[in-house]
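Colleague: data08.tsv (TSV, C-alpha atoms) pasted underneath:
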chain	number	residue	atom	x	y	z
A	752	MET	CA	25.93	80.03	-27.06
A	753	ALA	CA	25.83	77.13	-29.51
A	754	GLU	CA	26.78	74.71	-26.72
A	755	ASP	CA	24.21	76.25	-24.42
A	756	ALA	CA	21.47	75.90	-27.05
A	757	LEU	CA	22.39	72.24	-27.51
A	758	PHE	CA	22.30	71.77	-23.74
A	759	GLN	CA	18.86	73.37	-23.55
A	760	PHE	CA	17.63	71.24	-26.43
A	761	LEU	CA	18.88	68.05	-24.73
A	762	LEU	CA	17.24	69.06	-21.45
A	763	ARG	CA	13.94	69.47	-23.28
A	764	GLN	CA	14.19	65.98	-24.74
A	765	GLY	CA	15.34	64.44	-21.48
A	766	ASP	CA	12.92	66.29	-19.21
A	767	ASN	CA	9.92	65.37	-21.38
A	768	ALA	CA	10.85	61.72	-21.07
A	769	LEU	CA	11.67	61.98	-17.36
A	770	VAL	CA	8.56	63.84	-16.25
A	771	LEU	CA	6.22	61.68	-18.33
A	772	ALA	CA	7.98	58.53	-17.09
A	773	HIS	CA	7.49	59.62	-13.50
A	774	ARG	CA	3.84	60.46	-14.08
A	775	LEU	CA	3.24	57.02	-15.59
A	776	SER	CA	5.12	55.33	-12.75
A	777	GLU	CA	2.62	56.90	-10.33
A	778	TRP	CA	0.11	54.40	-11.74
A	779	CYS	CA	2.18	51.43	-10.67
A	780	GLY	CA	-0.09	49.25	-8.53
A	781	HIS	CA	-3.14	51.42	-9.32
A	782	GLY	CA	-3.97	50.47	-12.92
A	783	PRO	CA	-7.59	49.60	-13.71
A	784	MET	CA	-6.50	46.03	-14.49
A	785	LEU	CA	-3.26	44.12	-14.24
A	786	GLU	CA	-2.44	44.28	-17.95
A	787	GLU	CA	-2.92	48.05	-18.06
A	788	ASP	CA	-0.86	48.50	-14.92
A	789	ILE	CA	1.99	46.56	-16.52
A	790	ALA	CA	1.64	48.43	-19.80
A	791	LEU	CA	1.91	51.83	-18.09
A	792	ALA	CA	4.91	50.70	-16.03
A	793	ASN	CA	6.63	49.34	-19.14
A	794	THR	CA	6.05	52.58	-21.03
A	795	ALA	CA	7.47	54.45	-18.05
A	796	LEU	CA	10.51	52.18	-18.10
A	797	ASP	CA	11.18	52.85	-21.80
A	798	LEU	CA	10.91	56.58	-21.18
A	799	MET	CA	13.23	56.33	-18.19
A	800	GLY	CA	15.82	54.58	-20.36
A	801	GLN	CA	15.49	57.35	-22.92
A	802	THR	CA	15.88	59.90	-20.13
A	803	GLN	CA	19.23	58.39	-19.15
A	804	MET	CA	20.49	58.73	-22.71
A	805	TRP	CA	19.28	62.33	-23.22
A	806	LEU	CA	20.29	63.66	-19.80
A	807	GLY	CA	23.54	61.69	-19.91
A	808	TYR	CA	24.45	63.47	-23.12
A	809	ALA	CA	23.17	66.80	-21.73
A	810	ALA	CA	25.49	66.44	-18.73
A	811	GLN	CA	28.39	65.68	-21.06
A	812	VAL	CA	27.67	68.76	-23.21
A	813	GLN	CA	27.31	70.89	-20.08
A	814	GLY	CA	30.87	69.92	-19.18
A	815	GLU	CA	30.63	70.39	-15.43
A	816	GLY	CA	31.26	66.76	-14.55
A	817	LYS	CA	27.64	66.07	-13.71
A	818	SER	CA	25.68	62.89	-14.39
A	819	ALA	CA	22.16	62.19	-15.69
A	820	ASP	CA	21.18	61.52	-12.07
A	821	ASP	CA	22.53	64.91	-10.98
A	822	LEU	CA	20.37	66.61	-13.60
A	823	ALA	CA	17.30	64.60	-12.67
A	824	PHE	CA	17.54	64.92	-8.91
A	825	LEU	CA	19.43	68.14	-8.20
A	826	ARG	CA	17.50	70.69	-10.23
A	827	ASP	CA	14.41	72.53	-9.11
A	828	VAL	CA	11.28	73.46	-11.07
A	829	TRP	CA	12.70	76.52	-12.84
A	830	ASP	CA	15.53	74.50	-14.38
A	831	PHE	CA	13.21	71.90	-15.93
A	832	ARG	CA	12.50	72.20	-19.66
A	833	ASN	CA	9.63	69.76	-20.16
A	834	LEU	CA	6.34	70.54	-21.88
A	835	LEU	CA	3.44	71.58	-19.66
A	836	LEU	CA	1.50	68.66	-21.18
A	837	VAL	CA	3.65	65.97	-19.58
A	838	GLU	CA	3.49	67.48	-16.09
A	839	ARG	CA	-0.34	67.47	-16.13
A	840	PRO	CA	-1.65	65.30	-13.29
A	841	ASN	CA	-2.69	61.76	-14.22
A	842	GLY	CA	-6.42	62.32	-13.68
A	843	ASP	CA	-8.39	59.20	-14.52
A	844	PHE	CA	-7.10	56.46	-16.83
A	845	GLY	CA	-8.64	58.28	-19.80
A	846	VAL	CA	-6.68	61.46	-19.13
A	847	THR	CA	-3.45	59.49	-18.75
A	848	ILE	CA	-3.99	57.64	-22.04
A	849	MET	CA	-5.06	60.79	-23.91
A	850	ARG	CA	-1.98	62.67	-22.62
A	851	GLN	CA	0.17	59.75	-23.75
A	852	PHE	CA	-1.43	59.69	-27.19
A	853	LEU	CA	-1.02	63.44	-27.74
A	854	PHE	CA	2.64	63.17	-26.70
A	855	ASP	CA	3.33	60.02	-28.77
A	856	ALA	CA	1.74	61.55	-31.87
A	857	THR	CA	4.31	64.37	-31.69
A	858	GLN	CA	7.22	62.33	-30.40
A	859	VAL	CA	7.23	59.86	-33.30
A	860	PRO	CA	7.74	62.51	-36.04
A	861	ASN	CA	10.13	64.35	-33.71
A	862	LEU	CA	12.35	61.29	-33.23
A	863	GLU	CA	12.05	60.38	-36.92
A	864	ALA	CA	13.50	63.78	-37.79
A	865	LEU	CA	16.16	63.49	-35.09
A	866	THR	CA	17.49	60.22	-36.55
A	867	GLN	CA	18.77	62.49	-39.37
A	868	SER	CA	20.48	64.88	-36.95
A	869	SER	CA	23.90	66.29	-37.83
A	870	ASP	CA	24.88	65.48	-34.24
A	871	SER	CA	25.72	61.78	-34.31
A	872	ARG	CA	24.90	61.16	-30.64
A	873	VAL	CA	21.47	62.79	-31.04
A	874	ALA	CA	20.86	60.62	-34.11
A	875	GLU	CA	21.89	57.48	-32.19
A	876	ILE	CA	19.63	58.20	-29.23
A	877	ALA	CA	16.73	58.97	-31.57
A	878	ALA	CA	17.28	55.74	-33.54
A	879	LYS	CA	17.22	53.76	-30.30
A	880	SER	CA	14.14	55.57	-28.94
A	881	ILE	CA	12.00	55.66	-32.08
A	882	LYS	CA	11.32	51.92	-31.99
A	883	GLU	CA	9.90	52.25	-28.50
A	884	ALA	CA	7.99	55.43	-29.33
A	885	ARG	CA	6.28	53.79	-32.32
A	886	TYR	CA	5.14	50.95	-30.10
A	887	HIS	CA	3.82	53.45	-27.54
A	888	LEU	CA	1.89	55.28	-30.26
A	889	ASP	CA	0.38	52.03	-31.59
A	890	ARG	CA	-0.88	51.25	-28.14
A	891	SER	CA	-2.08	54.69	-26.99
A	892	ARG	CA	-3.87	55.16	-30.31
A	893	GLU	CA	-5.60	51.80	-29.99
A	894	VAL	CA	-6.75	52.51	-26.42
A	895	VAL	CA	-8.00	56.01	-27.31
A	896	ILE	CA	-10.13	54.46	-30.06
A	897	ALA	CA	-11.36	51.60	-27.87
A	898	LEU	CA	-12.44	53.96	-25.07
A	899	GLY	CA	-13.66	56.80	-27.28
A	900	ASP	CA	-15.78	54.43	-29.34
A	901	GLY	CA	-16.68	52.42	-26.24
A	902	THR	CA	-19.50	52.95	-23.78
A	903	ALA	CA	-21.30	56.27	-23.27
A	904	GLU	CA	-19.34	56.69	-20.01
A	905	SER	CA	-15.92	55.96	-21.54
A	906	HIS	CA	-16.71	58.16	-24.56
A	907	ASP	CA	-17.62	61.11	-22.34
A	908	ARG	CA	-14.53	60.70	-20.23
A	909	MET	CA	-12.27	60.57	-23.29
A	910	GLN	CA	-13.93	63.67	-24.74
A	911	ALA	CA	-13.43	65.45	-21.40
A	912	ALA	CA	-9.79	64.32	-21.37
A	913	LEU	CA	-9.21	65.66	-24.87
A	914	ASP	CA	-10.93	68.97	-24.11
A	915	GLY	CA	-8.99	69.36	-20.86
A	916	LEU	CA	-5.59	68.63	-22.40
A	917	TRP	CA	-6.12	70.55	-25.64
A	918	PRO	CA	-4.77	73.90	-24.33
A	919	TYR	CA	-1.46	72.09	-23.66
A	920	VAL	CA	-1.06	70.78	-27.20
A	921	GLY	CA	0.07	74.02	-28.88
A	922	GLU	CA	3.26	74.34	-26.84
A	923	MET	CA	4.68	71.26	-28.56
A	924	PHE	CA	4.86	73.21	-31.82
A	925	MET	CA	6.09	76.60	-30.63
A	926	GLY	CA	9.68	77.22	-31.60
A	927	ASP	CA	12.01	79.78	-30.01
A	928	GLU	CA	15.65	80.86	-30.31
A	929	VAL	CA	16.91	77.50	-29.00
A	930	ASP	CA	15.04	75.74	-31.79
A	931	GLU	CA	16.30	78.23	-34.33
A	932	ALA	CA	19.87	77.46	-33.29
A	933	MET	CA	19.17	73.71	-33.55
A	934	VAL	CA	17.57	74.08	-36.98
A	935	GLY	CA	20.49	76.26	-38.10
A	936	ALA	CA	22.98	73.56	-37.06
A	937	ALA	CA	20.79	70.82	-38.64
A	938	ILE	CA	20.61	69.15	-35.23
A	939	ALA	CA	16.84	69.16	-34.79
A	940	PRO	CA	13.66	69.96	-36.70
A	941	ALA	CA	11.63	73.13	-36.13
A	942	PRO	CA	8.78	72.19	-33.73
A	943	GLU	CA	6.32	73.81	-36.15
A	944	SER	CA	7.33	71.29	-38.82
A	945	LEU	CA	5.99	68.39	-36.71
A	946	ARG	CA	2.44	69.73	-36.70
A	947	PRO	CA	1.18	68.32	-40.05
A	948	SER	CA	2.11	64.79	-39.04
A	949	PHE	CA	0.53	65.28	-35.61
A	950	ASP	CA	-2.64	66.72	-37.14
A	951	ALA	CA	-2.94	63.82	-39.57
A	952	THR	CA	-2.54	61.25	-36.79
A	953	ILE	CA	-4.99	62.83	-34.39
A	954	SER	CA	-7.70	63.72	-36.90
A	955	GLN	CA	-7.77	60.15	-38.19
A	956	THR	CA	-7.66	58.69	-34.68
A	957	MET	CA	-10.32	60.98	-33.22
A	958	ALA	CA	-12.64	60.20	-36.13
A	959	GLU	CA	-12.30	56.48	-35.40
A	960	ALA	CA	-12.70	57.18	-31.69
A	961	THR	CA	-15.87	59.23	-32.38
A	962	LEU	CA	-14.29	62.15	-30.50
A	963	ARG	CA	-14.61	65.79	-31.51
A	964	LEU	CA	-11.41	67.79	-31.92
A	965	PRO	CA	-11.69	71.16	-30.18
A	966	ASP	CA	-11.49	74.01	-32.68
A	967	ASP	CA	-9.89	76.65	-30.47
A	968	THR	CA	-6.17	77.27	-30.77
A	969	PHE	CA	-5.35	78.77	-27.38
A	970	ALA	CA	-2.14	77.33	-25.98
A	971	HIS	CA	-0.52	77.61	-22.56
A	972	ARG	CA	3.23	78.04	-22.71
A	973	GLY	CA	6.16	78.26	-20.33
A	974	GLY	CA	7.22	74.64	-19.84
A	975	ARG	CA	9.81	74.00	-22.51
A	976	ASN	CA	11.52	77.34	-21.88
A	977	GLY	CA	11.14	76.98	-18.10
A	978	GLN	CA	9.53	80.38	-17.68
A	979	GLN	CA	6.27	79.25	-16.13
A	980	HIS	CA	5.74	75.67	-15.11
A	981	SER	CA	2.44	74.74	-13.48
A	982	GLU	CA	2.27	74.14	-9.74
A	983	HIS	CA	1.97	70.42	-10.43
A	984	LEU	CA	5.62	70.01	-11.39
A	985	GLY	CA	6.79	71.27	-7.99
A	986	HIS	CA	4.67	68.70	-6.19
A	987	MET	CA	5.88	65.97	-8.49
A	988	LEU	CA	9.54	66.86	-7.92
A	989	ALA	CA	9.03	67.00	-4.17
A	990	SER	CA	8.05	63.36	-4.35
A	991	MET	CA	10.51	62.28	-7.05
A	992	GLN	CA	13.47	64.06	-5.46
A	993	PHE	CA	12.54	63.32	-1.85
A	994	LEU	CA	15.49	61.06	-1.15
A	995	GLN	CA	18.15	63.46	-2.44
A	996	ARG	CA	16.50	66.36	-0.63
A	997	ALA	CA	16.24	64.53	2.71
A	998	TYR	CA	19.55	62.67	2.43
A	999	PRO	CA	21.83	64.72	0.15
A	1000	ASN	CA	24.27	62.62	-1.88
A	1001	ALA	CA	22.70	59.35	-0.77
A	1002	ARG	CA	23.88	56.49	-3.01
A	1003	TRP	CA	23.05	52.83	-3.40
B	1163	MET	CA	55.47	38.85	-28.09
B	1164	VAL	CA	54.73	37.86	-24.54
B	1165	THR	CA	51.43	39.73	-24.54
B	1166	ALA	CA	50.00	37.76	-27.44
B	1167	ILE	CA	50.31	34.51	-25.49
B	1168	ASN	CA	48.12	35.89	-22.72
B	1169	ARG	CA	45.35	36.72	-25.14
B	1170	VAL	CA	42.63	34.12	-25.14
B	1171	ASP	CA	41.37	33.47	-28.63
B	1172	GLU	CA	38.29	35.61	-29.34
B	1173	ALA	CA	36.32	32.62	-30.64
B	1174	LEU	CA	36.82	30.95	-27.27
B	1175	ILE	CA	35.68	34.13	-25.47
B	1176	TRP	CA	32.48	34.02	-27.55
B	1177	ARG	CA	31.95	30.40	-26.47
B	1178	TRP	CA	32.44	31.36	-22.82
B	1179	LEU	CA	29.97	34.20	-23.15
B	1180	ASP	CA	27.50	31.89	-24.81
B	1181	ALA	CA	27.29	30.13	-21.43
B	1182	VAL	CA	26.19	33.35	-19.67
B	1183	PRO	CA	22.40	33.21	-19.30
B	1184	ASP	CA	20.13	36.19	-19.75
B	1185	PRO	CA	19.11	37.13	-16.20
B	1186	GLU	CA	15.40	37.37	-17.04
B	1187	ILE	CA	15.13	34.55	-19.59
B	1188	PRO	CA	17.82	32.18	-18.31
B	1189	VAL	CA	17.09	29.58	-20.99
B	1190	ILE	CA	18.97	31.64	-23.59
B	1191	SER	CA	22.42	33.20	-23.42
B	1192	VAL	CA	23.40	36.83	-23.75
B	1193	VAL	CA	25.03	35.86	-27.06
B	1194	ASP	CA	21.82	34.18	-28.33
B	1195	LEU	CA	19.98	37.38	-27.50
B	1196	GLY	CA	22.36	39.49	-29.56
B	1197	ILE	CA	23.33	41.62	-26.58
B	1198	VAL	CA	27.05	40.96	-26.92
B	1199	ARG	CA	28.09	42.89	-30.02
B	1200	GLN	CA	31.88	42.72	-30.04
B	1201	VAL	CA	34.82	41.14	-28.27
B	1202	GLN	CA	38.19	42.73	-28.82
B	1203	TRP	CA	41.64	42.75	-27.25
B	1204	HIS	CA	43.44	46.05	-26.71
B	1205	GLU	CA	46.97	46.77	-25.64
B	1206	ASP	CA	46.71	49.08	-22.63
B	1207	GLU	CA	49.41	50.41	-20.30
B	1208	GLY	CA	48.49	47.93	-17.59
B	1209	GLY	CA	48.68	44.99	-20.02
B	1210	ASP	CA	46.21	43.49	-22.45
B	1211	THR	CA	42.58	44.45	-21.89
B	1212	LEU	CA	39.58	42.60	-23.21
B	1213	GLU	CA	36.82	44.93	-24.33
B	1214	VAL	CA	33.32	43.49	-24.53
B	1215	THR	CA	30.70	45.68	-26.19
B	1216	ILE	CA	27.11	45.11	-25.14
B	1217	THR	CA	23.89	46.78	-26.24
B	1218	PRO	CA	20.62	47.10	-24.32
B	1219	THR	CA	17.49	45.46	-25.73
B	1220	TYR	CA	15.08	48.19	-24.59
B	1221	SER	CA	16.67	51.46	-23.47
B	1222	GLY	CA	15.31	51.17	-19.95
B	1223	CYS	CA	15.82	47.44	-19.51
B	1224	PRO	CA	17.03	46.98	-15.93
B	1225	ALA	CA	18.74	43.72	-16.90
B	1226	THR	CA	21.43	45.57	-18.86
B	1227	SER	CA	23.56	46.42	-15.82
B	1228	ILE	CA	23.14	42.89	-14.45
B	1229	ILE	CA	24.25	41.49	-17.81
B	1230	ALA	CA	27.37	43.69	-17.74
B	1231	LEU	CA	28.17	42.35	-14.28
B	1232	ASP	CA	27.48	38.72	-15.28
B	1233	VAL	CA	29.71	39.03	-18.36
B	1234	GLU	CA	32.53	40.48	-16.29
B	1235	THR	CA	32.17	37.82	-13.60
B	1236	ALA	CA	32.12	34.97	-16.13
B	1237	LEU	CA	35.31	36.21	-17.79
B	1238	ALA	CA	37.04	36.89	-14.47
B	1239	LYS	CA	36.29	33.31	-13.43
B	1240	ARG	CA	38.15	32.12	-16.53
B	1241	GLY	CA	41.15	34.15	-15.43
B	1242	ILE	CA	40.80	37.24	-17.62
B	1243	LYS	CA	42.25	40.06	-15.53
B	1244	ASN	CA	41.62	43.27	-17.40
B	1245	ILE	CA	38.08	43.56	-18.69
B	1246	ARG	CA	36.31	46.60	-20.02
B	1247	ILE	CA	32.57	46.53	-20.65
B	1248	THR	CA	31.42	49.14	-23.15
B	1249	GLN	CA	27.79	50.00	-23.85
B	1250	SER	CA	26.75	50.85	-27.37
B	1251	ILE	CA	23.32	51.87	-28.69
B	1252	SER	CA	24.16	52.15	-32.36
B	1253	PRO	CA	23.04	50.34	-34.39
B	1254	PRO	CA	20.03	49.83	-32.11
B	1255	TRP	CA	19.29	46.30	-30.97
B	1256	THR	CA	16.78	44.38	-33.04
B	1257	THR	CA	15.12	40.99	-32.58
B	1258	ASP	CA	16.73	40.06	-35.92
B	1259	TRP	CA	19.88	39.50	-33.87
B	1260	LEU	CA	18.33	36.66	-31.91
B	1261	SER	CA	20.10	33.48	-32.94
B	1262	LYS	CA	18.23	30.56	-34.49
B	1263	LYS	CA	19.28	28.48	-31.52
B	1264	GLY	CA	17.95	31.20	-29.21
B	1265	LYS	CA	14.57	31.30	-30.95
B	1266	ALA	CA	14.20	27.53	-30.73
B	1267	LYS	CA	15.11	27.58	-27.04
B	1268	LEU	CA	12.61	30.36	-26.37
B	1269	GLU	CA	9.79	28.34	-27.88
B	1270	GLU	CA	10.83	25.22	-26.02
B	1271	TYR	CA	10.75	27.26	-22.81
B	1272	GLY	CA	7.18	28.46	-23.53
B	1273	ILE	CA	7.90	31.93	-24.96
B	1274	ALA	CA	6.78	32.49	-28.54
B	1275	PRO	CA	9.74	33.88	-30.55
B	1276	PRO	CA	9.47	37.24	-32.34
B	1277	ASN	CA	7.71	37.19	-35.67
B	1278	PRO	CA	7.81	39.98	-38.29
B	1279	ALA	CA	4.03	39.57	-38.72
B	1280	GLY	CA	3.68	41.36	-35.36
B	1281	GLY	CA	2.39	38.42	-33.34
B	1282	PRO	CA	3.20	34.77	-32.68
B	1283	ASP	CA	2.31	32.34	-35.47
B	1284	ARG	CA	1.48	29.58	-33.00
B	1285	CYS	CA	1.11	28.67	-29.36
B	1286	PRO	CA	4.51	27.63	-27.99
B	1287	LEU	CA	2.82	24.90	-25.92
B	1288	CYS	CA	0.29	23.08	-28.14
B	1289	LYS	CA	1.39	24.64	-31.46
B	1290	SER	CA	-2.14	25.74	-32.39
B	1291	ALA	CA	-2.34	28.79	-34.66
B	1292	ASP	CA	-5.52	29.95	-32.93
B	1293	VAL	CA	-4.01	32.62	-30.66
B	1294	GLU	CA	-5.12	36.05	-29.43
B	1295	ARG	CA	-3.44	39.00	-27.78
B	1296	ILE	CA	-4.15	39.87	-24.15
B	1297	SER	CA	-1.83	42.87	-23.83
B	1298	GLN	CA	0.91	44.60	-25.83
B	1299	PHE	CA	3.11	44.54	-22.74
B	1300	GLY	CA	4.23	41.76	-20.44
B	1301	SER	CA	6.45	40.75	-17.57
B	1302	THR	CA	9.57	42.35	-19.08
B	1303	PRO	CA	9.99	45.22	-21.60
B	1304	CYS	CA	10.69	42.73	-24.39
B	1305	LYS	CA	7.51	40.66	-24.03
B	1306	ALA	CA	3.75	40.86	-24.65
B	1307	GLN	CA	0.99	38.65	-23.29
B	1308	TRP	CA	-0.94	36.29	-25.56
B	1309	ARG	CA	-3.35	33.43	-25.06
B	1310	CYS	CA	-4.03	30.21	-26.93
B	1311	ARG	CA	-7.66	29.58	-27.79
B	1312	SER	CA	-7.06	25.88	-28.30
B	1313	CYS	CA	-5.29	24.87	-25.09
B	1314	LEU	CA	-6.48	28.04	-23.27
B	1315	GLU	CA	-3.03	28.67	-21.80
B	1316	PRO	CA	-1.70	32.22	-21.61
B	1317	PHE	CA	1.88	32.66	-22.83
B	1318	ASP	CA	4.59	35.28	-23.34
B	1319	TYR	CA	5.43	36.51	-26.82
B	1320	PHE	CA	8.85	38.04	-27.47
B	1321	LYS	CA	7.98	41.35	-29.17
B	1322	CYS	CA	9.45	42.12	-32.55
B	1323	LEU	CA	11.66	45.19	-32.37
What is this file in structure tokens?
Modeller:
Amino acid sequence: MAEDALFQFLLRQGDNALVLAHRLSEWCGHGPMLEEDIALANTALDLMGQTQMWLGYAAQVQGEGKSADDLAFLRDVWDFRNLLLVERPNGDFGVTIMRQFLFDATQVPNLEALTQSSDSRVAEIAAKSIKEARYHLDRSREVVIALGDGTAESHDRMQAALDGLWPYVGEMFMGDEVDEAMVGAAIAPAPESLRPSFDATISQTMAEATLRLPDDTFAHRGGRNGQQHSEHLGHMLASMQFLQRAYPNARW
Amino acid sequence: MVTAINRVDEALIWRWLDAVPDPEIPVISVVDLGIVRQVQWHEDEGGDTLEVTITPTYSGCPATSIIALDVETALAKRGIKNIRITQSISPPWTTDWLSKKGKAKLEEYGIAPPNPAGGPDRCPLCKSADVERISQFGSTPCKAQWRCRSCLEPFDYFKCL
């Protein structure tokens, strides 16, 4: 059970990075300007590198001789453990940046806590990833402010992005028995404990961005425990896993 | 000890590796960049094995696997038979590991070296301090795009990590 909880925890970390990386990579060649295109692709690349570390360790803990690639390409929707937030479709550039900011604002305190993990491999991966995550947060925060406090059009789009993504924020802070096991073993923080840091970051940022934080607390759930992913993940995997589905065991 | 004779001195191995260019910024070596962390001989069943420990700059940097291959090839060319490349992520790579020589070469090449202040202190081309950021990201994960307001040339800045 303890091993299984660790495996589930590692899948959650790895799948968040993987699904968000793939979403960002969908922008490649479609960014509103060259610099933004490159920035999104670079963020995707960092997250993909983090995915390899998390899923590589997950495969090792699972002990069935699988690789990070096996976990990424040979599982279907119900075996994914990512947050609903990261599987949301890209929408316009504002939605993509807002999604990134909401994720980064949670991921930085999450990784900070994980650098203190009792599991040395988890601590190592977190120490490697946190530097990249801080850079992502600096950037997504800056762009949210620039667009929120920009033109009337960009402001309205950023407000719409925030309102639309808000129901997917709560899931980031909802712990369950897997988290309890991780907290008990001092491997990971309770998701609830990340909320004050997240709240501080977003309230300050939204004030600067002249955006209004929604006051409702409704939250969709079902991503990080795999019980109810949205239909969007299935479509994304059909594209991401196309090669392995059409040509099983293809290698290059 | 027959085995000991076959072991090339580690200092010489470091010099050989210092001739292996970074695949994306060929003006500096993988040693200058701080990617090669350790060189160590081990006594294995099949004879002496040279273990080279490398660390990625950014976790998703696609150059890491090319660097591993280049390191192996360079050592094989010098006649080292048993080579083991190990990847390590701890402690995580930092731009503090860039050698002085590497930083000077970067600037000479037109890439502003990393600066703890968070941005380049001068244009690598005309040396003016009047510079501005274009984007936090650039052509590789380790670089950002800046521009000089004096000579008007855009240039790469090696991000501080």
Colleague: Can you tell me how far CA of Ala960 (chain A) sits from CA of Arg850 (chain A), in Å to one decimal?
Modeller: 15.1 Å
Colleague: Identify, on the basis of only C-alpha atoms, every residue whose closest approach to Arg1309 (chain B) does not exceed 10 Å; exclude the query and any residue fewer than 4 positions from it along the same chain; express the result as a PDB file with C-alpha atoms, in the coordinates of the input.
Modeller:
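Result file follows (result-v3.pdb):
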ATOM      1  CA  CYS B1285       1.110  28.670 -29.360  1.00  0.00           C
ATOM      2  CA  ASP B1292      -5.520  29.950 -32.930  1.00  0.00           C
ATOM      3  CA  VAL B1293      -4.010  32.620 -30.660  1.00  0.00           C
ATOM      4  CA  GLU B1294      -5.120  36.050 -29.430  1.00  0.00           C
ATOM      5  CA  ARG B1295      -3.440  39.000 -27.780  1.00  0.00           C
ATOM      6  CA  ILE B1296      -4.150  39.870 -24.150  1.00  0.00           C
ATOM      7  CA  SER B1297      -1.830  42.870 -23.830  1.00  0.00           C
ATOM      8  CA  CYS B1313      -5.290  24.870 -25.090  1.00  0.00           C
ATOM      9  CA  LEU B1314      -6.480  28.040 -23.270  1.00  0.00           C
ATOM     10  CA  GLU B1315      -3.030  28.670 -21.800  1.00  0.00           C
ATOM     11  CA  PRO B1316      -1.700  32.220 -21.610  1.00  0.00           C
ATOM     12  CA  PHE B1317       1.880  32.660 -22.830  1.00  0.00           C
ATOM     13  CA  ASP B1318       4.590  35.280 -23.340  1.00  0.00           C
ATOM     14  CA  TYR B1319       5.430  36.510 -26.820  1.00  0.00           C
TER      15      TYR B1319
END
Colleague: Should the cut-off be 10 Å, what would the residue list for chain A against chain B look like, counting only C-alpha atoms, as an MDAnalysis selection string?
Modeller: chainID A and resid 785:804 871:872 874:883 886:887 889:890
Colleague: Take CA of Ile848 (chain A) and CA of Phe924 (chain A) and report the distance between them in Å, one decimal.
Modeller: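 Between these atoms lies a distance of 20.4 Å.
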Colleague: Just the residues within 12 Å of His906 (chain A), please, counting all atoms listed in the file, with nothing from its chain fewer than 5 positions along; format it as a PyMOL selection string.
Modeller: chain A and resi 845-846+849+894-901+911-913+957+959-963
Colleague: Rounded to one decimal in Å, what is the spacing between CA of Pro1286 (chain B) and CA of Met784 (chain A)?
Modeller: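 Between these atoms lies a distance of 25.3 Å.
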